[in-house]
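Below is one structure; the comments refer to it alone.
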Amino acid sequence: MCYVLGMRTSLVLTVIGDDKPGIVEQLSERVVATGANWEESRMARLAGKFAGLLRVSVEAGQADALAATLRELDAGGLSVVVARSGESGASAHRTVQLELIGHDHPGIVRDISRALAQHGVNIEELETDVTSAPMSGDSLFQARVTLGVPPTVTIDQLRAVLEELAGELMVDLALNEDAASIHD
């Protein structure tokens, strides 16, 4: 038996609601029911809330139906936003890993993201956390960042910009061009 699949499109979803068992099951049931495929996701429990990002691929003709059935979850206490992907293929950039740690204070993410944006560097993934320092109990801010660095910016240039900023913010950082390793 031979059949031709239609054109597929990607949908990006954001989901937030009170955390409880079964949320991922509800999402996945609706994805499968429309013939869509769960491609990639990031989900976490934050301050008692379920927060998720999800990309699914679906036949173009089923995209609106999938979006509608996912939005029905709003009635059950989940807020679901669905957007069609505007991704236009791979861009020319290098993937670089950045890790930083330092005493927590307001403005760290703002200052780092501003410096990166000024140099055309894209934040592709950002994971942050505040923990207690082992000996002092002071609050430590930690960030793990995947960066998309354009070919016009060298790693040495990026390192110089970030190291200068690290001194001002009083944080330590490690920058690595090898995506498999996050050690400097």
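The chains in the structure tokens are called A, B, ... from first to last as shown; in each chain the residues are counted from 1, and the ligands are counted from 1 in the order shown.
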So that I can check the surroundings of segment 162-178 of chain A, please list as a PDB file with C-alpha atoms, in the first residue's frame every protein, DNA and RNA residue that reaches within 10 Å of it, counting only C-alpha atoms and ignoring chain neighbours fewer than 3 positions away.
ATOM      1  CA  ARG A  94      27.804  28.446  15.975  1.00  0.00           C
ATOM      2  CA  THR A  95      26.371  26.918  19.116  1.00  0.00           C
ATOM      3  CA  VAL A  96      28.176  27.974  22.256  1.00  0.00           C
ATOM      4  CA  GLN A  97      27.473  26.992  25.860  1.00  0.00           C
ATOM      5  CA  LEU A  98      27.666  29.573  28.635  1.00  0.00           C
ATOM      6  CA  GLU A  99      27.550  28.819  32.348  1.00  0.00           C
ATOM      7  CA  LEU A 100      27.625  31.441  35.045  1.00  0.00           C
ATOM      8  CA  ILE A 101      27.365  31.504  38.801  1.00  0.00           C
ATOM      9  CA  GLY A 102      27.512  34.272  41.363  1.00  0.00           C
ATOM     10  CA  HIS A 103      25.764  35.948  44.252  1.00  0.00           C
ATOM     11  CA  ASP A 104      22.135  36.495  43.314  1.00  0.00           C
ATOM     12  CA  HIS A 105      20.961  40.046  42.701  1.00  0.00           C
ATOM     13  CA  GLY A 107      19.596  42.470  36.822  1.00  0.00           C
ATOM     14  CA  ILE A 108      21.924  39.590  35.993  1.00  0.00           C
ATOM     15  CA  ASP A 111      22.602  42.691  31.697  1.00  0.00           C
ATOM     16  CA  ILE A 112      23.846  39.452  30.142  1.00  0.00           C
ATOM     17  CA  ALA A 115      25.269  42.393  26.008  1.00  0.00           C
ATOM     18  CA  LEU A 116      24.515  39.317  23.920  1.00  0.00           C
ATOM     19  CA  LEU A 140      23.653  31.868  44.386  1.00  0.00           C
ATOM     20  CA  PHE A 141      22.363  32.557  40.888  1.00  0.00           C
ATOM     21  CA  GLN A 142      23.234  29.912  38.295  1.00  0.00           C
ATOM     22  CA  ALA A 143      22.551  30.012  34.567  1.00  0.00           C
ATOM     23  CA  ARG A 144      23.128  27.544  31.754  1.00  0.00           C
ATOM     24  CA  VAL A 145      22.684  29.131  28.357  1.00  0.00           C
ATOM     25  CA  THR A 146      22.859  27.817  24.808  1.00  0.00           C
ATOM     26  CA  LEU A 147      23.861  30.638  22.477  1.00  0.00           C
ATOM     27  CA  VAL A 149      26.691  33.056  17.764  1.00  0.00           C
ATOM     28  CA  ILE A 155      34.620  33.318  20.413  1.00  0.00           C
ATOM     29  CA  ASP A 156      37.462  35.518  21.672  1.00  0.00           C
ATOM     30  CA  GLN A 157      35.338  38.665  21.130  1.00  0.00           C
ATOM     31  CA  LEU A 158      32.389  37.085  22.905  1.00  0.00           C
ATOM     32  CA  ARG A 159      34.591  35.890  25.763  1.00  0.00           C
ATOM     33  CA  SER A 181      30.666  19.994  26.930  1.00  0.00           C
ATOM     34  CA  ILE A 182      29.891  22.943  29.158  1.00  0.00           C
ATOM     35  CA  HIS A 183      33.275  23.271  30.818  1.00  0.00           C
ATOM     36  CA  ASP A 184      35.700  26.007  29.875  1.00  0.00           C
TER      37      ASP A 184
END
Using DSSP on the backbone coordinates, identify the residues of segment 61-173 of chain A assigned to strand (DSSP E); present them as a ChimeraX atom specification. /A:79-84,94-103,122-132,139-149,171-173
Pull the alpha helix (DSSP H) assignments for segment 52-161 of chain A out of DSSP run on the backbone, and list those residues as a PyMOL selection string. chain A and resi 63-71+108-118+155-161
List as a list of chain:residue names the protein and nucleic acid residues near Leu54 of chain A, meaning an atom at most 9 Å away when only C-alpha atoms are counted, but skip any in the same chain fewer than 5 places from it. A:Leu11, A:Val12, A:Leu13, A:Thr14, A:Val15, A:Trp38, A:Glu39, A:Glu40, A:Ser41, A:Arg42, A:Met43
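Close contacts of Asn37 of chain A, defined as residues with an atom at most 8 Å away when counting only C-alpha atoms, with chain neighbours fewer than 4 positions off set aside, comprise A:Val31, A:Val32, A:Val56, A:Ser57, A:Val58.
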Could you turn the residues from that selection into a file that holds all heavy atoms, as an mmCIF file, in the first residue's frame?
data_model
loop_
_atom_site.group_PDB
_atom_site.id
_atom_site.type_symbol
_atom_site.label_atom_id
_atom_site.label_comp_id
_atom_site.auth_asym_id
_atom_site.auth_seq_id
_atom_site.Cartn_x
_atom_site.Cartn_y
_atom_site.Cartn_z
ATOM 1 N N VAL A 31 -2.761 15.587 20.976
ATOM 2 C CA VAL A 31 -1.780 15.614 19.888
ATOM 3 C C VAL A 31 -1.950 14.375 19.018
ATOM 4 O O VAL A 31 -2.060 14.456 17.792
ATOM 5 C CB VAL A 31 -0.341 15.725 20.457
ATOM 6 C CG1 VAL A 31 0.708 15.427 19.386
ATOM 7 C CG2 VAL A 31 -0.120 17.102 21.075
ATOM 8 N N VAL A 32 -2.011 13.206 19.642
ATOM 9 C CA VAL A 32 -2.133 11.943 18.904
ATOM 10 C C VAL A 32 -3.471 11.855 18.175
ATOM 11 O O VAL A 32 -3.537 11.375 17.041
ATOM 12 C CB VAL A 32 -1.957 10.747 19.860
ATOM 13 C CG1 VAL A 32 -2.333 9.440 19.182
ATOM 14 C CG2 VAL A 32 -0.529 10.685 20.354
ATOM 15 N N VAL A 56 5.044 20.549 18.085
ATOM 16 C CA VAL A 56 4.469 19.377 17.431
ATOM 17 C C VAL A 56 4.456 19.618 15.930
ATOM 18 O O VAL A 56 4.382 20.757 15.473
ATOM 19 C CB VAL A 56 3.032 19.069 17.933
ATOM 20 C CG1 VAL A 56 3.031 18.766 19.417
ATOM 21 C CG2 VAL A 56 2.075 20.189 17.611
ATOM 22 N N SER A 57 4.526 18.529 15.170
ATOM 23 C CA SER A 57 4.340 18.626 13.720
ATOM 24 C C SER A 57 3.005 17.969 13.399
ATOM 25 O O SER A 57 2.636 16.958 14.011
ATOM 26 C CB SER A 57 5.488 17.963 12.959
ATOM 27 O OG SER A 57 5.533 16.578 13.238
ATOM 28 N N VAL A 58 2.294 18.546 12.458
ATOM 29 C CA VAL A 58 0.954 18.078 12.131
ATOM 30 C C VAL A 58 0.698 18.350 10.649
ATOM 31 O O VAL A 58 1.277 19.270 10.069
ATOM 32 C CB VAL A 58 -0.106 18.776 13.030
ATOM 33 C CG1 VAL A 58 -0.134 20.277 12.806
ATOM 34 C CG2 VAL A 58 -1.475 18.150 12.874
#
Selection near segment 65-70 of chain A, 8 Å with only C-alpha atoms, sequence-local residues under 6 positions removed, as a PyMOL selection string: chain A and resi 27+30-31+34+80+82
Please indicate the distance in Å from atom CA of Val161 of chain A to atom CA of Val130 of chain A, rounded to one decimal place. 23.9 Å
Which one of A:Thr9, A:Thr154, A:Gln118, A:Ser139 sits closest to Asp64 of chain A if you count only C-alpha atoms?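 For Asp64 of chain A, the nearest of the given residues is A:Thr9.
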Distance in Å - atom CA of Leu126 of chain A versus atom CA of Ala36 of chain A: 26.9 Å
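Atom pair atom CA of Leu73 of chain A / atom CA of Ser10 of chain A has a distance of 19.6 Å (rounded to one decimal).
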Distance criterion (only C-alpha atoms): nearest to Gly148 of chain A out of A:Glu29, A:Glu72, A:Asp18, A:Glu125: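 Result for the nearest residue to Gly148 of chain A: A:Glu125.
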Quick one: of A:Pro151, A:Pro106, A:Gly137, A:Pro21, who's nearest to Gly120 of chain A, counting only C-alpha atoms?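 Looking only at the distances to Gly120 of chain A, the closest residue turns out to be A:Pro151.
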Residue contacts of Lys20 of chain A (12 Å, only C-alpha atoms) excluding same-chain residues fewer than 5 positions away, as a PyMOL selection string: chain A and resi 25-26+44-45+48-51+76-78
